[in-house]
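Taking it in order: structure first as structure tokens, then the write-up.
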Amino acid sequence: MEKLDGQKITEALAAKFASPTRSTRLTVVLGRWLGITFTICFFTGLFSHGLQNPPSWMFFPTSPVWIYQLSQGLHVTAGIAAIPLLLAKLWSVYPELLTWPPVKSLVHGLERASIALFIASSLLQLTTGLINTYKWYPWPFPFRETHYWLAWVIWGSLLLHVAVKLPAIAGHWRLPSSGDPDVGGPAAKDPGTSGVEPSSAAGSSGRWSRRGFLTAVAAATGAVVVTTAGQSFSWLAPANLFAPRKMGTGPQGVPVNRTAADAKVTELAKSPTWALMVRSGGSSRSFTLEELRALPQHSHELPIACVEGWSQMAIWRGVRVRDLLASVGAPAGSELRFTSLEPEGAYRTMTMPAEYSRDEKTLVALELNGSVLDLDHGYPARIIAPGRPGVLQTKWLHSMEVR
Amino acid sequence: MKTSLTVKAARAALGVAGVAILVYGLLGLPTQLGPSQLIGLLTWMAVAILIHDGVIVPLSTVAGAGLTRVGSKLQPPSAAVLRGALLTGALVTLVAGILLKAQSVAQSATVLEASYAVNLLGFWVALALASVAAIIVLERRARRSGTNSP
């Protein structure tokens with residue numbers, strides 16, 4: 001009796017939420033788009049994580065110099081694109097929530113549990129990922145660790161989901177030619193996601209067709225991408241209405257994440273006795289700002305690219321790291337450890353693998369875009385290396401040691 | 001027969017790989033998050049599902065029903081333009097709304113510098129103008145072709 005009531009209630013609810021726009025084909029198309037964005041996010045995210053917490057086998061590409069600008073720009077942009085796509089995908093399968101009985105068997109129960117985990121972690125990942133780029137993070141769990149481990153949960157869930165739904169996906173990968181029998185898998189038999197295609201040209205009166213809905217989802221996705229991706233891709237900068245960063249803003253036309261005041265370094269950085277310590281084994285030398293300026297200066301156009309997705313090309317001028325290494329008799333491909341004047345902070349010290357210290361574009365920069373480094377950009381001297389996350393481009397240098 | 005074997009093998013491989021990757025992530029979480037952080041995380045996830053399934057989808061269904069009534073007075077193409085414009089506007093407003101909230105609590109002076117409220121207003125004006133123009137054109141065209149061939 002109770003069972004029947006539950007069935008009645010869910011069926012009545014399903015009828016309320018029914019829409020002829022829904023179909024397995026619609027879900028497959030949206031799932032394809034969403035799967036692509038999640039996969040881009042997963043692999044660009046692993047690349048960024050590997051650069052910051054390198055495993056022993058990590059590779060460090062220094063060319064093209066914009067490789068991290070591109071990969072992290074794609075990461076954040078694909079994540080933003082996934083927001084409308086996820087909402088549309090979840091809407092397309094909403095009636096599955098109301099199936100009765102809720103759990104038919106152990107396998108069915110496990111599948112539903114895995115989908116609940118998939119949905120919940122995806123909602124969390126996209127929401128906290130977006131809001132973290134706004135420098136606002138009001139939650140009790142840490143961002144980086146949660147974002148990293150949930151990425152594995154989500155991408156694993158995606159593969160599992162594709163495995164479970166493969167017959168339905170394969171059956172609706174292409175539009176059936178007219179007259180074909182319905183080729184849906186198990187999903188096709190669920191209420192509200194009937195495999196039977198409603199007319200794709202025009203919807204029933206006042207409603208929209210599958211194609212109309214897909215076009216609208218594509219338009220919405222395009223709108224959120226175009227109005228935000230200008231923080232990462234300069235050709236979209238004029239359309240940047242809703243990104244937290246704008247290219248060309250900040251001192252010397254380059255945005256700043258952590259100011260000298262945030263890092264509490266103003267006094268130390270302005271001190272007339274400042275000098276850069278360079279150490280290799282037993283030998284060490286210290287260079288005053290005047291001495292650094294007297295060394296051969298090199299200019300390179302390199303991007304500063306933040307993990308939060310924004311980036312900015314700029315012209316940096318200063319001393320090559322390999323020249324400083326030579327001055328203490330160390331080989332060009334040495335692994336280095338840099339320390340900032342910052343009294344504390346997660347990025348006070350930075351390790352630089354040999355790939356960067358060997359690269360002739362890696363500079364101890366003293367100038368930015370034609371003038372002396374602004375205090376907020378790391379005056380008196382900072383690191384700029386090709387293809388590295390912004391947090392590893394250490395500002396307000398204090399020392400450089402061969403490890 | 002051969003295809004079904006291939007499909008079975010592909011499903012098994014995807015399924016095993018998926019479960020392995022998923023479990024790796026689940027086991028990794030407690031190595032870096034403490035018990036209270038994990039509880040915070042699970043609570044967030046449960047509330048997110050409740051809000052999505054219990055508020056967002058029902059509200060969008062109500063909005064959709066209203067649009068069906070309005071849309072039945074329009075030609076199907078212009079009804080689709082109306083729905084598409086509202087969907088686009090709603091999603092942009094969602095992103096910009098969170099941005100505005102973040103701006104009101106931001107501590108870093110170097111981020112969130114634009115006038116997002118003005119930008120949002122501008123976006124809606126442009127969206128409304130473009131959609132109204134498209135709807136007028138579509139309705140006129142439908143009426144004209146309707147008089148030619150009833």
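By convention here, the chains of the structure tokens are called A, B, ... in the order presented, each chain's residues are numbered starting at 1, and ligands are numbered starting at 1 in the order presented.
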
Residue neighbourhood region 114-116 of chain A, 8 Å, only C-alpha atoms, exclusion window fewer than 4 positions, as a VMD selection string: chain A and resid 110 120 157 161

Residues near region 27-35 of chain B, cut-off 9 Å, only C-alpha atoms, skip fewer than 3 positions along chain, as a list in words: Phe141, Pro142, Glu145, Thr146, Tyr148, Trp149 and Leu150 of chain A; Leu22, Val23, Tyr24, Leu38, Ile39 and Gly40 of chain B

File dump, residues just selected, C-alpha atoms, as a compact mmCIF listing (two decimals), in the first residue's frame:
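The new file again_34.txt reads:
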# COMPACT_ATOMS: atom_id res chain seq x y z
CA PHE A 141 37.34 23.19 3.86
CA PRO A 142 40.56 24.28 2.10
CA GLU A 145 43.29 20.19 -1.54
CA THR A 146 39.53 19.80 -1.96
CA TYR A 148 42.46 18.52 -6.37
CA TRP A 149 41.00 15.36 -4.81
CA LEU A 150 37.45 16.08 -6.01
CA LEU B 22 37.11 7.82 -8.21
CA VAL B 23 38.32 5.73 -5.24
CA TYR B 24 41.79 7.30 -5.50
CA LEU B 38 35.17 16.64 5.73
CA ILE B 39 31.87 17.15 7.55
CA GLY B 40 31.74 20.71 6.17

Residues of chain A within 7 Å of chain B, only C-alpha atoms counted, as an MDAnalysis selection string: chainID A and resid 17 84 91 120:121 123:124 134:136 140:141 145:146 149:150 152:154 156:157 159:160 163 166 202:203 205:208 212 216 219:220 223:224 241:242 244:245 256:257

Distance query Ala294 (chain A) at most 12 Å, only C-alpha atoms, self and fewer than 5 positions along chain excluded, as a list in words: Phe287, Thr288, Leu289, Gly318, Val319 and Leu366 of chain A

Export of prior selection with N, CA and C atoms as a PDB file, in the first residue's frame:
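Heads up, here's the output in result-v2.pdb:
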ATOM      1  N   PHE A 287      74.783  40.910  -4.193  1.00  0.00           N
ATOM      2  CA  PHE A 287      74.710  41.940  -5.233  1.00  0.00           C
ATOM      3  C   PHE A 287      73.784  43.044  -4.762  1.00  0.00           C
ATOM      4  N   THR A 288      74.302  44.266  -4.707  1.00  0.00           N
ATOM      5  CA  THR A 288      73.406  45.388  -4.426  1.00  0.00           C
ATOM      6  C   THR A 288      72.628  45.679  -5.710  1.00  0.00           C
ATOM      7  N   LEU A 289      71.606  46.528  -5.585  1.00  0.00           N
ATOM      8  CA  LEU A 289      70.802  46.866  -6.756  1.00  0.00           C
ATOM      9  C   LEU A 289      71.692  47.493  -7.842  1.00  0.00           C
ATOM     10  N   GLY A 318      66.115  42.508 -17.002  1.00  0.00           N
ATOM     11  CA  GLY A 318      66.934  42.242 -15.826  1.00  0.00           C
ATOM     12  C   GLY A 318      68.091  41.324 -16.156  1.00  0.00           C
ATOM     13  N   VAL A 319      68.591  40.649 -15.104  1.00  0.00           N
ATOM     14  CA  VAL A 319      69.788  39.820 -15.224  1.00  0.00           C
ATOM     15  C   VAL A 319      69.368  38.364 -15.407  1.00  0.00           C
ATOM     16  N   LEU A 366      64.395  43.482 -12.994  1.00  0.00           N
ATOM     17  CA  LEU A 366      64.506  44.749 -12.262  1.00  0.00           C
ATOM     18  C   LEU A 366      63.558  45.795 -12.832  1.00  0.00           C
TER      19      LEU A 366
END

Alpha helix (DSSP H) per DSSP on the backbone: members of region 20-141 of chain B, as a PyMOL selection string: chain B and resi 20-32+35-51+57-71+76-105+116-141

DSSP strand (DSSP E or B) residues within region 62-286 of chain A, as a PyMOL selection string: chain A and resi 275-280+283-286

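Distance annotation: of A:Trp396, A:Tyr379, A:Trp310, A:Trp316, the residue with the minimal separation from Ser340 (chain A) is A:Trp396; atom set is only C-alpha atoms.
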
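The gap separating CA of Lys165 (chain A) from CA of His147 (chain A) is 26.1 Å, in Å to one decimal.
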
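CA of Met247 (chain A) sits 7.7 Å away from CA of Gly230 (chain A).
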
Contacts of Ile80 (chain A) at 9 Å (only C-alpha atoms; same-chain gap of 2+ positions) as a VMD selection string: (chain A and resid 75 to 78 82 to 84 126 129 to 130 221 224 to 225 228 to 229) or (chain B and resid 95)

Residues near Phe143 (chain A), cut-off 8 Å, only C-alpha atoms, skip fewer than 5 positions along chain, as a tab-separated table (two decimals) with N, CA and C atoms, in the first residue's frame:
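What landed in part.tsv:
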chain	number	residue	atom	x	y	z
A	128	THR	N	32.77	26.50	-6.11
A	128	THR	CA	33.91	26.97	-5.32
A	128	THR	C	35.07	27.37	-6.23
A	132	ASN	N	36.46	31.06	-5.93
A	132	ASN	CA	37.85	31.21	-5.50
A	132	ASN	C	38.61	32.20	-6.39
A	137	TYR	N	36.46	33.20	-0.26
A	137	TYR	CA	36.35	31.77	-0.04
A	137	TYR	C	35.81	31.49	1.37
